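Asker: What follows is model_2.txt; its format and atoms are compact mmCIF, C-alpha atoms.
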# COMPACT_ATOMS: atom_id res chain seq x y z
CA MET Y 675 46.73 23.81 0.72
CA THR Y 676 46.44 21.72 3.88
CA ASN Y 677 46.29 17.92 3.75
CA VAL Y 678 42.61 17.98 4.78
CA THR Y 679 41.76 20.56 2.08
CA TYR Y 680 43.61 18.46 -0.52
CA ILE Y 681 41.63 15.34 0.43
CA LYS Y 682 38.41 17.32 0.34
CA GLN Y 683 39.22 18.62 -3.14
CA ASN Y 684 39.95 15.08 -4.33
CA MET Y 685 36.59 13.93 -2.94
CA LEU Y 686 34.83 16.78 -4.72
CA ASP Y 687 36.51 15.82 -7.97
CA SER Y 688 35.36 12.23 -7.45
CA VAL Y 689 31.78 13.25 -6.88
CA LEU Y 690 31.84 15.45 -9.97
CA ALA Y 691 33.28 12.58 -11.96
CA MET Y 692 30.52 10.27 -10.75
CA SER Y 693 27.87 12.64 -12.08
CA SER Y 694 29.12 11.96 -15.60
CA PHE Y 695 27.49 8.52 -15.72
CA SER Y 696 24.93 8.96 -18.50
CA ALA Y 697 21.78 7.21 -19.61
CA GLU Y 698 23.81 5.80 -22.51
CA GLU Y 699 26.19 4.14 -20.07
CA LEU Y 700 23.31 2.59 -18.16
CA LEU Y 701 21.80 1.39 -21.44
CA SER Y 702 25.17 -0.06 -22.41
CA TYR Y 703 25.24 -2.03 -19.17
CA LEU Y 704 21.79 -3.42 -19.92
CA LEU Y 705 22.70 -4.34 -23.50
CA GLU Y 706 25.92 -6.05 -22.49
CA ARG Y 707 24.21 -7.94 -19.66
CA ASP Y 708 20.72 -8.76 -20.94
CA ASN Y 709 19.92 -10.62 -17.73
CA LEU Y 710 20.23 -7.49 -15.58
CA ASN Y 711 17.32 -5.53 -14.21
CA ALA Y 712 17.17 -1.93 -12.97
CA GLY Y 713 18.15 -3.01 -9.46
CA ASP Y 714 21.24 -4.81 -10.79
CA VAL Y 715 22.31 -1.71 -12.72
CA GLN Y 716 21.77 0.47 -9.66
CA GLU Y 717 23.96 -1.86 -7.62
CA ILE Y 718 26.71 -1.93 -10.25
CA MET Y 719 26.78 1.87 -10.55
CA ALA Y 720 26.75 2.23 -6.77
CA GLN Y 721 29.72 -0.12 -6.57
CA LYS Y 722 31.59 1.97 -9.14
CA ARG Y 723 30.93 5.12 -7.11
CA LYS Y 724 32.05 3.33 -3.95
CA GLU Y 725 35.29 2.20 -5.59
CA GLN Y 726 35.99 5.75 -6.78
CA LEU Y 727 35.51 7.18 -3.30
CA LEU Y 728 37.63 4.50 -1.62
CA LYS Y 729 40.38 5.04 -4.21
CA ASN Y 730 40.81 8.57 -2.88
CA HIS Y 731 40.82 7.50 0.75
CA THR Y 732 44.50 7.93 1.64
CA HIS Y 733 44.49 6.26 5.05
CA LYS Y 734 45.15 2.57 5.60
CA ILE Y 735 42.25 0.25 6.43
CA TRP Y 736 43.20 -2.54 8.82
CA GLN Y 737 41.73 -5.22 11.09
CA GLY Y 738 42.71 -5.12 14.74
CA SER Y 739 43.34 -8.05 17.08
CA ASP Y 740 39.77 -7.68 18.38
CA GLY Y 741 38.41 -8.39 14.91
CA ARG Y 742 37.13 -4.86 14.28
CA TRP Y 743 38.14 -2.87 11.20
CA ARG Y 744 39.71 0.58 11.55
CA THR Y 745 40.89 3.60 9.60
CA PHE Y 746 41.34 7.35 9.95
CA ILE Y 747 39.10 10.01 8.43
CA PRO Y 748 39.81 13.75 8.07
CA ASP Y 749 38.83 15.89 11.06
CA ASP Y 750 39.94 19.54 11.30
CA THR Y 751 39.27 19.59 15.04
CA LYS Y 752 41.93 16.96 15.86
CA PRO Y 753 45.65 17.68 16.41
CA LYS Y 754 46.70 15.62 13.36
CA ASN Y 755 43.56 16.56 11.39
CA ARG Y 756 42.30 13.00 11.53
CA LYS Y 757 39.99 10.82 13.62
CA LEU Y 758 40.09 7.05 14.26
CA ILE Y 759 36.89 5.13 13.46
CA SER Y 760 36.11 1.41 13.71
CA ARG Y 761 33.34 -0.95 12.60
CA GLU Y 762 32.57 -4.64 13.04
CA THR Y 763 33.01 -5.53 9.36
CA LYS Y 764 35.08 -4.18 6.50
CA ASP Y 765 31.97 -3.60 4.39
CA SER Y 766 30.31 -1.49 7.07
CA LEU Y 767 33.54 0.51 7.51
CA GLU Y 768 33.81 1.14 3.76
CA ASP Y 769 30.14 2.17 3.62
CA TYR Y 770 30.76 4.63 6.41
CA ILE Y 771 33.84 6.04 4.64
CA CYS Y 772 31.81 6.63 1.47
CA SER Y 773 28.98 8.22 3.39
CA PHE Y 774 31.45 10.40 5.28
CA TYR Y 775 33.13 11.73 2.17
CA LYS Y 776 29.83 12.47 0.47
CA SER Y 777 28.72 14.51 3.47
CA TYR Y 778 32.22 15.99 3.72
CA VAL Y 779 31.83 17.39 0.24
CA ASP Y 780 28.19 18.34 0.77
CA PRO Y 781 27.64 19.50 4.37
CA ASN Y 782 23.87 19.33 3.81
CA ILE Y 783 24.07 15.52 3.92
CA ASP Y 784 23.82 14.23 7.48
CA LYS Y 785 25.86 11.04 7.75
CA ASP Y 786 24.39 10.27 11.18
CA ILE Y 787 20.73 10.49 10.17
CA THR Y 788 18.62 7.50 11.22
CA LEU Y 789 15.44 5.97 9.83
CA ARG Y 790 13.65 7.41 12.85
CA ASP Y 791 14.96 10.88 11.93
CA LEU Y 792 13.91 10.43 8.29
CA TYR Y 793 10.44 9.02 8.93
CA ASP Y 794 8.42 12.25 9.15
CA GLU Y 795 9.90 13.59 5.93
CA TRP Y 796 9.38 10.27 4.13
CA ILE Y 797 5.75 9.79 5.24
CA GLU Y 798 4.94 13.34 4.14
CA TYR Y 799 6.52 12.59 0.74
CA LYS Y 800 4.64 9.27 0.47
CA SER Y 801 1.31 10.90 1.33
CA LEU Y 802 1.58 12.88 -1.90
CA HIS Y 803 1.48 9.68 -3.95
CA VAL Y 804 -1.03 7.38 -2.21
CA ALA Y 805 -4.52 7.45 -0.71
CA GLU Y 806 -5.09 8.63 2.86
CA THR Y 807 -6.16 5.13 3.91
CA THR Y 808 -2.79 3.77 2.77
CA VAL Y 809 -0.97 6.43 4.80
CA LEU Y 810 -3.00 5.51 7.89
CA ARG Y 811 -2.10 1.83 7.45
CA VAL Y 812 1.60 2.65 6.99
CA GLN Y 813 1.61 4.85 10.10
CA LYS Y 814 0.04 2.02 12.09
CA ASP Y 815 2.66 -0.46 10.82
CA TRP Y 816 5.47 1.99 11.63
CA ARG Y 817 4.31 2.23 15.24
CA LYS Y 818 3.95 -1.54 15.50
CA TYR Y 819 7.18 -2.73 13.88
CA TYR Y 820 9.64 0.17 13.58
CA GLN Y 821 9.15 2.98 16.05
CA ASP Y 822 11.05 1.40 18.93
CA ALA Y 823 13.30 -0.97 16.97
CA ASP Y 824 17.06 -0.66 17.49
CA ILE Y 825 17.70 -0.63 13.75
CA THR Y 826 15.67 2.54 13.20
CA GLY Y 827 17.82 4.40 15.73
CA LYS Y 828 21.08 3.50 14.00
CA PRO Y 829 22.68 5.79 11.38
CA ILE Y 830 21.36 4.70 7.99
CA ALA Y 831 24.86 4.76 6.53
CA GLU Y 832 25.92 2.09 9.03
CA ILE Y 833 23.08 -0.37 8.40
CA THR Y 834 24.46 -3.41 6.59
CA LYS Y 835 22.76 -5.98 4.39
CA LEU Y 836 23.58 -8.73 6.91
CA GLU Y 837 22.10 -6.73 9.77
CA LEU Y 838 18.94 -6.02 7.76
CA ASP Y 839 18.61 -9.67 6.77
CA SER Y 840 18.82 -10.85 10.37
CA TRP Y 841 16.36 -8.23 11.64
CA VAL Y 842 13.81 -8.85 8.89
CA HIS Y 843 13.79 -12.62 9.45
CA LYS Y 844 13.55 -12.09 13.21
CA MET Y 845 10.49 -9.87 12.69
CA ILE Y 846 8.90 -12.42 10.35
CA ARG Y 847 9.15 -15.14 13.01
CA GLU Y 848 8.25 -12.91 15.95
CA HIS Y 849 5.06 -11.64 14.30
CA HIS Y 850 4.16 -14.86 12.43
CA MET Y 851 3.95 -12.94 9.17
CA THR Y 852 1.93 -14.10 6.21
CA LYS Y 853 2.72 -12.99 2.66
CA HIS Y 854 0.25 -10.12 2.93
CA LYS Y 855 1.50 -8.96 6.33
CA TYR Y 856 5.14 -9.18 5.20
CA GLY Y 857 4.34 -7.11 2.10
CA ASN Y 858 2.95 -4.28 4.25
CA PHE Y 859 5.82 -4.56 6.75
CA SER Y 860 8.67 -4.62 4.20
CA LEU Y 861 7.24 -1.74 2.15
CA ILE Y 862 8.38 0.71 4.83
CA ILE Y 863 12.03 -0.33 5.08
CA ARG Y 864 12.36 -0.77 1.32
CA GLN Y 865 10.86 2.58 0.39
CA MET Y 866 12.54 4.51 3.19
CA LEU Y 867 15.96 3.25 2.09
CA ASP Y 868 15.10 4.11 -1.52
CA PHE Y 869 14.24 7.58 -0.24
CA ALA Y 870 17.61 7.71 1.56
CA VAL Y 871 19.32 6.87 -1.76
CA ASP Y 872 17.40 9.67 -3.50
CA LYS Y 873 18.55 12.08 -0.78
CA GLU Y 874 22.13 10.81 -1.28
CA ILE Y 875 22.42 9.69 2.34
CA ILE Y 876 23.53 6.25 1.13
CA GLU Y 877 24.84 4.96 -2.19
CA SER Y 878 22.45 2.04 -2.64
CA ASN Y 879 19.58 0.32 -0.90
CA PRO Y 880 20.94 -2.67 1.07
CA PHE Y 881 17.44 -4.10 1.48
CA LEU Y 882 17.36 -4.94 -2.23
CA ARG Y 883 19.94 -7.64 -1.49
CA VAL Y 884 17.92 -9.20 1.34
CA LYS Y 885 16.33 -12.44 0.16
CA VAL Y 886 13.26 -13.90 1.87
CA ASP Y 887 12.19 -17.42 0.93
CA LYS Y 888 8.48 -16.67 1.14
CA LYS Y 889 7.38 -20.28 0.76
CA ARG Y 890 9.55 -21.50 3.63
CA VAL Y 891 9.61 -18.69 6.20
CA LEU Y 892 6.24 -16.97 5.79
CA LYS Y 893 3.18 -18.38 7.49
CA PRO Y 894 0.56 -19.82 5.11
CA GLU Y 895 -2.51 -17.62 4.90
CA PRO Y 896 -5.57 -19.88 5.00
CA LYS Y 897 -8.68 -18.59 3.32
CA LYS Y 898 -11.17 -17.11 5.76
CA ASN Y 899 -14.37 -18.88 6.73
CA ASP Y 900 -16.90 -18.43 3.91
CA LEU Y 901 -19.85 -17.24 5.95
CA SER Y 902 -17.73 -14.64 7.75
CA GLN Y 903 -16.99 -13.00 4.39
CA VAL Y 904 -20.35 -13.02 2.61
CA TYR Y 905 -24.04 -12.77 3.37
CA THR Y 906 -26.12 -15.91 2.91
CA LYS Y 907 -29.09 -15.77 0.53
CA GLU Y 908 -31.46 -15.49 3.49
CA GLU Y 909 -29.40 -12.75 5.17
CA GLU Y 910 -29.26 -10.76 1.93
CA GLN Y 911 -33.01 -10.98 1.42
CA ARG Y 912 -33.75 -9.94 5.00
CA LEU Y 913 -31.36 -6.98 4.79
CA ILE Y 914 -32.87 -5.75 1.52
CA GLU Y 915 -36.41 -5.99 2.92
CA HIS Y 916 -35.31 -4.24 6.12
CA ALA Y 917 -33.66 -1.44 4.15
CA ARG Y 918 -36.74 -0.93 1.97
CA GLU Y 919 -38.94 -0.67 5.05
CA ALA Y 920 -36.53 1.84 6.59
CA PHE Y 921 -36.58 3.97 3.40
CA ASP Y 922 -40.38 4.04 3.37
CA ASN Y 923 -40.52 5.20 6.98
CA THR Y 924 -37.42 7.32 7.64
CA GLU Y 925 -37.66 11.08 8.18
CA ASN Y 926 -33.98 11.59 9.01
CA TYR Y 927 -32.54 13.94 6.36
CA VAL Y 928 -28.97 12.60 6.54
CA GLN Y 929 -30.17 8.97 6.51
CA LEU Y 930 -32.77 9.56 3.81
CA PHE Y 931 -31.15 7.64 0.95
CA VAL Y 932 -28.79 5.36 2.89
CA PRO Y 933 -31.23 2.38 2.84
CA LEU Y 934 -31.48 2.68 -0.95
CA ALA Y 935 -27.67 2.84 -1.26
CA ILE Y 936 -27.34 -0.38 0.73
CA MET Y 937 -29.88 -2.13 -1.50
CA PHE Y 938 -28.12 -0.78 -4.60
CA MET Y 939 -24.79 -2.25 -3.44
CA PHE Y 940 -26.34 -5.72 -3.31
CA TYR Y 941 -27.33 -5.35 -6.99
CA THR Y 942 -24.10 -3.84 -8.32
CA GLY Y 943 -21.14 -4.77 -6.10
CA LEU Y 944 -19.93 -1.17 -6.01
CA ARG Y 945 -17.34 -0.07 -3.49
CA LEU Y 946 -18.54 2.08 -0.61
CA GLY Y 947 -16.56 5.08 -1.89
CA GLU Y 948 -18.12 4.67 -5.35
CA VAL Y 949 -21.78 4.34 -4.44
CA SER Y 950 -21.51 7.40 -2.16
CA VAL Y 951 -20.78 9.73 -5.12
CA LEU Y 952 -22.93 8.26 -7.89
CA LYS Y 953 -24.77 10.87 -9.95
CA PHE Y 954 -27.94 10.60 -12.02
CA SER Y 955 -25.86 11.64 -15.05
CA ASP Y 956 -23.81 8.43 -14.64
CA VAL Y 957 -26.88 6.40 -15.69
CA GLU Y 958 -27.74 5.90 -19.35
CA SER Y 959 -30.51 3.46 -20.17
CA ASN Y 960 -29.65 0.29 -18.22
CA MET Y 961 -25.91 0.99 -17.96
CA LEU Y 962 -23.94 2.76 -15.22
CA SER Y 963 -20.64 4.59 -15.61
CA VAL Y 964 -18.45 4.24 -12.50
CA ASN Y 965 -15.78 6.93 -12.71
CA ARG Y 966 -15.26 8.60 -9.35
CA MET Y 967 -14.99 7.88 -5.63
CA VAL Y 968 -14.82 9.64 -2.28
CA ARG Y 969 -11.78 8.97 -0.14
CA TYR Y 970 -12.08 8.08 3.52
CA PRO Y 971 -11.44 9.77 5.92
CA THR Y 972 -10.56 13.03 4.11
CA GLY Y 973 -13.79 13.28 2.10
CA GLU Y 974 -11.82 14.14 -1.04
CA ILE Y 975 -13.67 13.32 -4.27
CA VAL Y 976 -11.45 12.10 -7.10
CA GLU Y 977 -12.42 11.53 -10.72
CA HIS Y 978 -11.21 7.96 -10.90
CA THR Y 979 -11.81 4.66 -9.15
CA LYS Y 980 -9.46 2.61 -6.98
CA GLY Y 981 -6.10 1.60 -8.46
CA THR Y 982 -5.47 2.03 -12.17
CA PHE Y 983 -8.61 0.37 -13.55
CA GLY Y 984 -10.13 3.65 -14.68
CA GLU Y 985 -13.78 4.10 -15.71
CA ARG Y 986 -15.93 1.01 -16.01
CA ILE Y 987 -19.39 0.50 -17.46
CA ILE Y 988 -21.61 -1.98 -15.64
CA PRO Y 989 -25.13 -3.28 -16.36
CA LEU Y 990 -28.01 -2.31 -14.09
CA ILE Y 991 -30.57 -5.04 -13.43
CA PRO Y 992 -34.25 -4.00 -13.13
CA ALA Y 993 -34.09 -3.98 -9.31
CA ALA Y 994 -31.16 -1.51 -9.43
CA LEU Y 995 -33.00 0.75 -11.91
CA GLU Y 996 -36.05 0.70 -9.63
CA ILE Y 997 -33.89 1.98 -6.75
CA ILE Y 998 -32.66 4.92 -8.84
CA GLU Y 999 -36.26 5.72 -9.77
CA LEU Y 1000 -37.27 5.61 -6.09
CA ALA Y 1001 -34.46 8.04 -5.21
CA SER Y 1002 -35.46 10.40 -8.04
CA LYS Y 1003 -39.14 10.47 -7.07
CA ARG Y 1004 -38.38 11.05 -3.38
CA ARG Y 1005 -36.07 13.95 -4.26
CA GLU Y 1006 -38.73 15.49 -6.51
CA ALA Y 1007 -41.32 15.18 -3.75
CA LEU Y 1008 -38.99 16.97 -1.33
CA GLU Y 1009 -38.04 19.57 -3.96
CA MET Y 1010 -34.40 18.42 -3.94
CA ASP Y 1011 -32.18 18.50 -7.01
CA THR Y 1012 -32.42 15.48 -9.31
CA ASP Y 1013 -29.33 16.08 -11.41
CA GLY Y 1014 -26.65 15.64 -8.73
CA TYR Y 1015 -25.82 12.80 -6.34
CA ILE Y 1016 -28.26 9.90 -6.19
CA PHE Y 1017 -27.81 8.78 -2.58
CA CYS Y 1018 -26.28 11.88 -0.99
CA PRO Y 1019 -28.77 14.51 0.26
CA ASN Y 1020 -26.15 17.29 0.25
CA ASP Y 1021 -22.64 18.07 -0.98
CA ARG Y 1022 -20.97 15.92 1.72
CA PRO Y 1023 -20.70 12.35 0.31
CA ILE Y 1024 -18.33 11.42 3.14
CA ASN Y 1025 -21.37 11.60 5.46
CA THR Y 1026 -23.16 9.09 3.23
CA TYR Y 1027 -20.01 6.90 3.29
CA THR Y 1028 -19.90 6.72 7.09
CA SER Y 1029 -23.70 6.44 7.40
CA ILE Y 1030 -23.74 3.35 5.17
CA GLN Y 1031 -21.02 1.75 7.33
CA LYS Y 1032 -22.92 2.38 10.55
CA THR Y 1033 -26.34 1.51 9.13
CA ILE Y 1034 -25.36 -1.93 7.84
CA THR Y 1035 -24.02 -2.79 11.30
CA LYS Y 1036 -27.25 -1.44 12.85
CA TYR Y 1037 -29.42 -3.52 10.50
CA CYS Y 1038 -27.45 -6.69 11.29
CA ARG Y 1039 -27.98 -6.15 15.01
CA GLU Y 1040 -31.67 -5.46 14.57
CA LEU Y 1041 -32.10 -8.61 12.48
CA GLY Y 1042 -29.95 -10.76 14.80
CA ILE Y 1043 -27.46 -11.78 12.09
CA GLU Y 1044 -23.66 -11.72 12.16
CA GLU Y 1045 -22.28 -8.20 11.70
CA LYS Y 1046 -20.46 -7.82 8.38
CA SER Y 1047 -18.97 -4.75 6.74
CA PRO Y 1048 -20.15 -3.05 3.51
CA HIS Y 1049 -17.15 -4.63 1.78
CA LYS Y 1050 -18.71 -8.04 2.48
CA VAL Y 1051 -21.67 -6.93 0.33
CA ARG Y 1052 -19.23 -6.58 -2.55
CA LYS Y 1053 -17.84 -10.07 -1.88
CA THR Y 1054 -21.42 -11.37 -1.78
CA VAL Y 1055 -22.15 -9.94 -5.24
CA VAL Y 1056 -18.97 -11.43 -6.74
CA SER Y 1057 -19.67 -14.85 -5.22
CA THR Y 1058 -23.27 -14.74 -6.43
CA MET Y 1059 -22.26 -13.97 -10.01
CA LEU Y 1060 -19.65 -16.75 -10.03
CA ASP Y 1061 -22.15 -19.22 -8.49
CA ASN Y 1062 -24.48 -18.46 -11.39
CA GLY Y 1063 -21.90 -19.20 -14.05
CA ILE Y 1064 -20.99 -15.66 -15.14
CA ASN Y 1065 -17.60 -15.63 -16.85
CA ILE Y 1066 -14.74 -14.65 -14.52
CA ASN Y 1067 -13.53 -11.94 -16.91
CA THR Y 1068 -17.00 -10.36 -16.96
CA VAL Y 1069 -17.16 -10.45 -13.16
CA ARG Y 1070 -13.67 -8.96 -12.93
CA ASN Y 1071 -14.65 -6.07 -15.20
CA ILE Y 1072 -17.90 -5.36 -13.36
CA VAL Y 1073 -16.20 -5.03 -9.97
CA GLY Y 1074 -13.07 -3.28 -11.30
CA HIS Y 1075 -10.27 -5.75 -10.62
CA MET Y 1076 -7.12 -5.62 -12.73
CA ASP Y 1077 -6.42 -9.34 -12.27
CA GLU Y 1078 -8.82 -12.27 -12.09
CA LYS Y 1079 -6.61 -13.77 -9.37
CA THR Y 1080 -7.78 -10.98 -7.06
CA THR Y 1081 -11.39 -11.85 -7.86
CA LEU Y 1082 -10.97 -15.59 -7.29
CA ASN Y 1083 -8.59 -15.52 -4.33
CA ASN Y 1084 -10.22 -12.74 -2.30
CA TYR Y 1085 -13.85 -12.47 -3.39
CA CYS Y 1086 -15.03 -15.99 -4.19
CA TYR Y 1087 -16.85 -17.63 -1.24
CA ASP Y 1088 -19.58 -20.23 -0.75
CA ARG Y 1089 -22.80 -18.51 0.39
CA SER Y 1090 -24.53 -21.78 1.29
CA THR Y 1091 -25.27 -22.70 4.90
CA ASP Y 1092 -24.05 -26.04 6.26
CA ASP Y 1093 -27.51 -27.58 5.74
CA GLU Y 1094 -27.61 -26.34 2.13
CA LYS Y 1095 -24.11 -27.67 1.47
CA TYR Y 1096 -25.06 -31.07 2.88
CA LYS Y 1097 -28.14 -31.32 0.66
CA MET Y 1098 -26.17 -30.34 -2.45
CA ILE Y 1099 -23.34 -32.79 -1.68
CA THR Y 1100 -25.86 -35.56 -0.96
CA LYS Y 1101 -27.62 -34.89 -4.26
CA ALA Y 1102 -24.35 -34.76 -6.20
CA LEU Y 1103 -22.87 -37.96 -4.75
CA SER Y 1104 -25.99 -40.10 -4.44
If you convert what's in this file into structure tokens, what do you get?
Answerer:
Amino acid sequence: MTNVTYIKQNMLDSVLAMSSFSAEELLSYLLERDNLNAGDVQEIMAQKRKEQLLKNHTHKIWQGSDGRWRTFIPDDTKPKNRKLISRETKDSLEDYICSFYKSYVDPNIDKDITLRDLYDEWIEYKSLHVAETTVLRVQKDWRKYYQDADITGKPIAEITKLELDSWVHKMIREHHMTKHKYGNFSLIIRQMLDFAVDKEIIESNPFLRVKVDKKRVLKPEPKKNDLSQVYTKEEEQRLIEHAREAFDNTENYVQLFVPLAIMFMFYTGLRLGEVSVLKFSDVESNMLSVNRMVRYPTGEIVEHTKGTFGERIIPLIPAALEIIELASKRREALEMDTDGYIFCPNDRPINTYTSIQKTITKYCRELGIEEKSPHKVRKTVVSTMLDNGININTVRNIVGHMDEKTTLNNYCYDRSTDDEKYKMITKALS
């Protein structure tokens, strides 16, 4: 047995030994250290695996006069069956040694793979677990922050915690990141390195040790101007009247029920993807069951609503019930089915989805009011309910939020104009 073969066999034995860590051992760690979380346990076990691999590394590790750390690793192509390697820090050298031996034992592991190399595989994997809109946002963030960054072209096994820390904080300052923007940005590096751990490219995720003082380094995110986020009472009334007029006069088959859908959103606060796939069977008396949505841009219809809220039952005010009756009568008159979708004239709800988006913008232009998206209708409904003293928990349930903080922080705005605010303040303080 050659020296290289002997070392390889020792590394194989080490890897086999590492696979013996059981769930009971992990549980024991948690019981003995009740202040540990899953990340702590992962780090401890990774350190144990690292120590085992380094224990079988027979070559000396030393620091040269230039400050760099060096050692030899097995290489059958060299005269002495070894190759000199060096790194800036001892930690990065040891990480490389561990990565090398893992790939030495398992040739399917590429020790030189970079984040850039791994991206396509990771985004395909991620797309199996999230909505298409999330994938589109992640792809946009990858192109903006990662695609041309030096760190994504470096072998993953060589990326250190210190290097990650410096790069992340540099990106925060360079792009003036708020908490929300940082969350979207950091998701990519965190999850890609987790993916690299799962593929056994690296032992542990170094990003988990990067600490960002969000209160000190992230830019405060001021709340947006109220009237840019909601429709005023006058704007809402004009839009509803305009939509009703359009419904009475339209002959466009695709657009037939879009005006009614827009009116219905102002009375229910439904998401665009929810209202597009409502069925007559979802209505019972004056209550509506919201239990499905259409995904943009794929057009996929799923039998659940956004997030993990699940089905929700919401009350329908008389104006909302009148809209459903209008839709039913128009369908009967045109000999269309009255047991399927309410606002979709065919089996393509995604067309209704995009038509509502375009039509609201069109109505705003025609009425000479500020253009606001369909999502701003939802914010208008939430703000209206809160203005009228409806309990926050009731509002939260109606619109399908898991946490009332989401409702208050992102959907609560003052619909009053400056003149209206002045009159109310004058009355209150006089």
Asker: Name the residues in contact with Glu895 in chain Y at a cut-off of 10 Å, using all atoms listed in the file, excluding same-chain residues fewer than 2 positions from it; report them as an MDAnalysis selection string.
Answerer: chainID Y and resid 851:855 892:893 897:898
Asker: Work out how far CA of Phe746 in chain Y is from CA of Ile771 in chain Y, in Å to one decimal.
Answerer: 9.3 Å
Asker: I'd like the contact shell of range 935-940 of chain Y - 7 Å cut-off, all atoms listed in the file, skipping same-chain residues fewer than 6 positions apart - returned as a PyMOL selection string.
Answerer: chain Y and resi 914+917+949+994+997+1017+1030+1051+1055
Asker: Give me, as a tab-separated table (two decimals) with C-alpha atoms, in the coordinates of the input, all polymer residues having an atom no more than 9 Å from Pro971 in chain Y, counting all atoms listed in the file and skipping those fewer than 5 positions away in the same chain.
Answerer:
chain	number	residue	atom	x	y	z
Y	806	GLU	CA	-5.09	8.63	2.86
Y	807	THR	CA	-6.16	5.13	3.91
Y	1024	ILE	CA	-18.33	11.42	3.14
Asker: One decimal, in Å: what's the spacing between CA of Gln865 in chain Y and CA of Arg811 in chain Y?
Answerer: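 Going from CA of Gln865 in chain Y over to CA of Arg811 in chain Y, I get 14.8 Å.
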Asker: For Asp824 in chain Y, please output as a PDB file with C-alpha atoms, keeping the file's coordinate frame all residues within 10 Å (counting all atoms listed in the file; exclusion window: fewer than 3 positions along the same chain).
Answerer:
ATOM      1  CA  ARG Y 790      13.650   7.410  12.850  1.00  0.00           C
ATOM      2  CA  TYR Y 820       9.640   0.170  13.580  1.00  0.00           C
ATOM      3  CA  GLN Y 821       9.150   2.980  16.050  1.00  0.00           C
ATOM      4  CA  GLY Y 827      17.820   4.400  15.730  1.00  0.00           C
ATOM      5  CA  LYS Y 828      21.080   3.500  14.000  1.00  0.00           C
ATOM      6  CA  TRP Y 841      16.360  -8.230  11.640  1.00  0.00           C
TER       7      TRP Y 841
END
Asker: Report as a ChimeraX atom specification all protein, DNA and RNA residues lying within 10 Å of Asn1071 in chain Y, evaluated on all atoms listed in the file, omitting residues in the same chain fewer than 2 positions from it.
Answerer: /Y:983,986-988,1066-1069,1073-1078,1081
Asker: Would you mind telling me which residue in Y:Leu913, Y:Arg945, Y:Tyr1027, Y:Asp769 lies nearest to Gln929 in chain Y when using all atoms listed in the file?
Answerer: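 The answer is Y:Tyr1027, which sits nearest to Gln929 in chain Y.
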Asker: Measuring atom to atom with only C-alpha atoms, identify which of Y:Ala805, Y:Val1056, Y:Ile797, Y:Ile1016 is nearest to Asn1083 in chain Y.
Answerer: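 So, comparing all the options, the nearest one is Y:Val1056.
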Asker: Can you work out which one of Y:Ser773, Y:Ser801, Y:Asn899, Y:Ser1002 has the shortest atom-to-atom distance to Lys953 in chain Y, counting only C-alpha atoms?
Answerer: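 Counting only C-alpha atoms, the residue closest to Lys953 in chain Y is Y:Ser1002.
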Asker: In Å to one decimal, how far is CA of Ser878 in chain Y from CA of Pro748 in chain Y?
Answerer: 23.5 Å
Asker: Using all atoms listed in the file, which of Y:Ser1047, Y:Thr745, Y:Thr979, Y:Thr1026 sits nearest His733 in chain Y?
Answerer: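 Looking at the shortest contact to His733 in chain Y, the residue is Y:Thr745.
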Asker: Padding 5 Å on each side, edges along x, y and z: where is the centre of the box around the listed atoms of range 939-942 of chain Y, and how long are its edges in Å to one decimal? Output it as JSON.
Answerer:
{"center_x": -25.7, "center_y": -4.0, "center_z": -5.8, "size_x": 13.2, "size_y": 13.5, "size_z": 15.0}
Asker: Rank nothing, just name the residue among Y:Ala831, Y:Glu1006, Y:Ala823, Y:Tyr970 nearest to Leu810 in chain Y, using only C-alpha atoms.
Answerer: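 Going through Y:Ala831, Y:Glu1006, Y:Ala823, Y:Tyr970 one by one, the smallest distance to Leu810 in chain Y is for Y:Tyr970.
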Asker: Need the neighbours of (-25.1, 12.5, -3.7): which residues are at most 10 Å away, counting only C-alpha atoms, as a PyMOL selection string?
Answerer: chain Y and resi 931+949-954+1011-1026
Asker: Would you write out, as JSON lines, a table of all residues in range 875-902 of chain Y that have an atom no more than 12 Å from an atom of range 1091-1099 of chain Y, listing for each the closest atom pair and the distance in Å to one decimal, considering only C-alpha atoms and ordering rows by chain and rising residue number?
Answerer:
{"residue": "Y:Asn899", "atom": "CA", "partner": "Y:Thr1091", "partner_atom": "CA", "distance": 11.7}
{"residue": "Y:Asp900", "atom": "CA", "partner": "Y:Thr1091", "partner_atom": "CA", "distance": 9.4}
{"residue": "Y:Leu901", "atom": "CA", "partner": "Y:Thr1091", "partner_atom": "CA", "distance": 7.8}
{"residue": "Y:Ser902", "atom": "CA", "partner": "Y:Thr1091", "partner_atom": "CA", "distance": 11.4}
Asker: Using C-alpha atoms, can you write the selected residues to a file as a PDB file, keeping the file's coordinate frame?
Answerer:
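Output contents, as saved in part.pdb:
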ATOM      1  CA  ASN Y 899     -14.370 -18.880   6.730  1.00  0.00           C
ATOM      2  CA  ASP Y 900     -16.900 -18.430   3.910  1.00  0.00           C
ATOM      3  CA  LEU Y 901     -19.850 -17.240   5.950  1.00  0.00           C
ATOM      4  CA  SER Y 902     -17.730 -14.640   7.750  1.00  0.00           C
TER       5      SER Y 902
END
Asker: Using all atoms listed in the file, find the one residue out of Y:Lys907, Y:Lys980, Y:Lys1053, Y:His731 that sits nearest to Arg966 in chain Y.
Answerer: Y:Lys980
